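Structure file protein-v6.cif (mmCIF, C-alpha atoms) is printed below.
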```
data_data
loop_
_atom_site.group_PDB
_atom_site.id
_atom_site.type_symbol
_atom_site.label_atom_id
_atom_site.label_comp_id
_atom_site.auth_asym_id
_atom_site.auth_seq_id
_atom_site.Cartn_x
_atom_site.Cartn_y
_atom_site.Cartn_z
ATOM 1 C CA MET I 16 3.574 -23.473 -1.124
ATOM 2 C CA GLY I 17 2.932 -20.567 1.194
ATOM 3 C CA LEU I 18 3.238 -16.865 1.590
ATOM 4 C CA ILE I 19 6.522 -15.092 2.274
ATOM 5 C CA LYS I 20 6.994 -11.576 3.629
ATOM 6 C CA VAL I 21 8.876 -9.378 1.184
ATOM 7 C CA PHE I 22 8.479 -5.983 2.849
ATOM 8 C CA SER I 23 7.715 -4.373 6.192
ATOM 9 C CA GLY I 24 7.526 -0.629 6.536
ATOM 10 C CA SER I 25 5.387 2.462 6.364
ATOM 11 C CA GLU I 26 2.003 2.449 4.689
ATOM 12 C CA ILE I 27 3.168 4.826 1.948
ATOM 13 C CA LEU I 28 6.223 2.752 1.017
ATOM 14 C CA ALA I 29 4.256 -0.493 1.209
ATOM 15 C CA ASN I 30 1.631 0.835 -1.198
ATOM 16 C CA ALA I 31 4.315 2.022 -3.625
ATOM 17 C CA LEU I 32 5.959 -1.410 -3.655
ATOM 18 C CA ARG I 33 2.620 -3.230 -3.860
ATOM 19 C CA ILE I 34 1.734 -1.283 -7.006
ATOM 20 C CA LYS I 35 5.085 -2.146 -8.624
ATOM 21 C CA ILE I 36 4.636 -5.845 -7.833
ATOM 22 C CA GLU I 37 1.043 -5.994 -9.036
ATOM 23 C CA GLU I 38 1.962 -4.217 -12.301
ATOM 24 C CA ILE I 39 3.771 -7.381 -13.393
ATOM 25 C CA GLY I 40 0.788 -9.567 -12.549
ATOM 26 C CA VAL I 41 1.848 -10.921 -9.154
ATOM 27 C CA ASN I 42 -0.817 -10.892 -6.436
ATOM 28 C CA THR I 43 0.038 -9.500 -3.025
ATOM 29 C CA VAL I 44 -1.404 -9.828 0.454
ATOM 30 C CA VAL I 45 -1.118 -6.705 2.603
ATOM 31 C CA LYS I 46 -1.286 -6.926 6.386
ATOM 32 C CA ASN I 47 -1.931 -3.449 7.729
ATOM 33 C CA ASN I 48 -1.272 -3.431 11.466
ATOM 34 C CA ILE I 49 -1.805 0.340 11.602
ATOM 35 C CA GLN I 50 -5.449 0.001 10.608
ATOM 36 C CA SER I 51 -5.919 -3.003 12.887
ATOM 37 C CA ALA I 52 -4.469 -1.149 15.877
ATOM 38 C CA ARG I 53 -6.540 1.942 15.203
ATOM 39 C CA MET I 54 -9.779 -0.052 14.981
ATOM 40 C CA ALA I 55 -8.940 -1.765 18.259
ATOM 41 C CA GLY I 56 -8.310 1.606 19.929
ATOM 42 C CA PHE I 57 -4.518 1.384 20.099
ATOM 43 C CA GLY I 58 -1.798 3.366 18.408
ATOM 44 C CA SER I 59 1.010 1.868 16.374
ATOM 45 C CA PHE I 60 4.437 3.391 15.757
ATOM 46 C CA ASN I 61 6.279 0.392 14.310
ATOM 47 C CA GLN I 62 6.962 -0.807 10.800
ATOM 48 C CA ALA I 63 3.359 -1.806 10.680
ATOM 49 C CA VAL I 64 2.476 -2.657 7.059
ATOM 50 C CA GLU I 65 3.699 -5.949 5.627
ATOM 51 C CA ILE I 66 3.536 -7.279 2.064
ATOM 52 C CA PHE I 67 3.388 -10.994 1.340
ATOM 53 C CA ILE I 68 3.582 -12.901 -1.952
ATOM 54 C CA GLN I 69 3.426 -16.558 -2.900
ATOM 55 C CA GLU I 70 6.804 -18.300 -2.599
ATOM 56 C CA THR I 71 6.552 -19.417 -6.213
ATOM 57 C CA ASP I 72 6.411 -15.777 -7.398
ATOM 58 C CA PHE I 73 9.570 -14.668 -5.600
ATOM 59 C CA GLY I 74 11.785 -15.133 -8.661
ATOM 60 C CA LYS I 75 9.548 -12.775 -10.643
ATOM 61 C CA VAL I 76 9.633 -9.955 -8.093
ATOM 62 C CA ASN I 77 13.091 -10.255 -6.533
ATOM 63 C CA LYS I 78 14.639 -7.628 -8.859
ATOM 64 C CA ILE I 79 11.733 -5.218 -8.260
ATOM 65 C CA ILE I 80 12.084 -5.571 -4.494
ATOM 66 C CA GLU I 81 15.845 -5.074 -4.538
ATOM 67 C CA ASP I 82 15.585 -2.003 -6.814
ATOM 68 C CA PHE I 83 12.879 -0.579 -4.546
ATOM 69 C CA ARG I 84 14.979 -1.058 -1.402
ATOM 70 C CA VAL I 85 17.975 0.627 -3.010
ATOM 71 C CA SER I 86 15.816 3.578 -4.095
ATOM 72 C CA ILE I 87 14.498 4.320 -0.585
#
```
Translate this structure into structure tokens?
Amino acid sequence: MGLIKVFSGSEILANALRIKIEEIGVNTVVKNNIQSARMAGFGSFNQAVEIFIQETDFGKVNKIIEDFRVSI
């Protein structure tokens, strides 16, 4: 199995969702393109923070993700 992207957005929203997912015991991988761009000397204005989870955990977090998207 592999990783699947479940969210792409601002750093603040990504951190809020990451906390909700990890509260139920599911590990996340966060790819922060904002930090990467800044360290390389570039700016970034896109939806630059992505959250990934294992495919096998998707069933556990699907409801959390959907509720989060509706709330924003």
| query | Skipping near chain neighbours, those fewer than 6 positions away, what residues fall within 12 Å of I:Gly74 using all atoms listed in the file, listed as a PyMOL selection string? | reply | chain I and resi 21+36+41+68+80-81
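Distance-wise, atom CA of I:Ala29 and atom CA of I:Thr71 end up 20.5 Å apart.
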| Best match for closeness to I:Glu26 among I:Asn48, I:Asn77, I:Thr43, I:Ser86, counting only C-alpha atoms |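 Ranked by minimum distance to I:Glu26, first place goes to I:Asn48.
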| request: Select, from I:Val85, I:Ser25, I:Asn42, I:Leu32, the residue with the minimum atom-to-atom distance to I:Glu70, counting only C-alpha atoms. | output: I:Asn42
| request: Compute the distance from (-0.3, -21.9, 3.6) to each atom, counting only C-alpha atoms, keep the residues with any atom at most 12 Å away, and return them as a PyMOL selection string; use the coordinates of the file. | output: chain I and resi 16-19+67-70
| field | Residue nearest I:Ile79 among I:Arg33, I:Leu28, I:Val45, I:Ser23 (counting all atoms listed in the file) | value |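 Among I:Arg33, I:Leu28, I:Val45, I:Ser23, it is I:Arg33 that comes nearest to I:Ile79.
Of the listed residues I:Lys20, I:Arg84, I:Lys46, I:Asn30, the one whose atoms come nearest to I:Asp72 is I:Lys20, with distances taken using only C-alpha atoms.
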| query | If you measure from atom CA of I:Ile66 to atom CA of I:Ile39, what distance in Å do you get, rounded to one decimal? | reply |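 If I compute the distance from atom CA of I:Ile66 to atom CA of I:Ile39, I get 15.5 Å.
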| note | What separates atom CA of I:Lys78 and atom CA of I:Ile27 is a distance of 20.1 Å
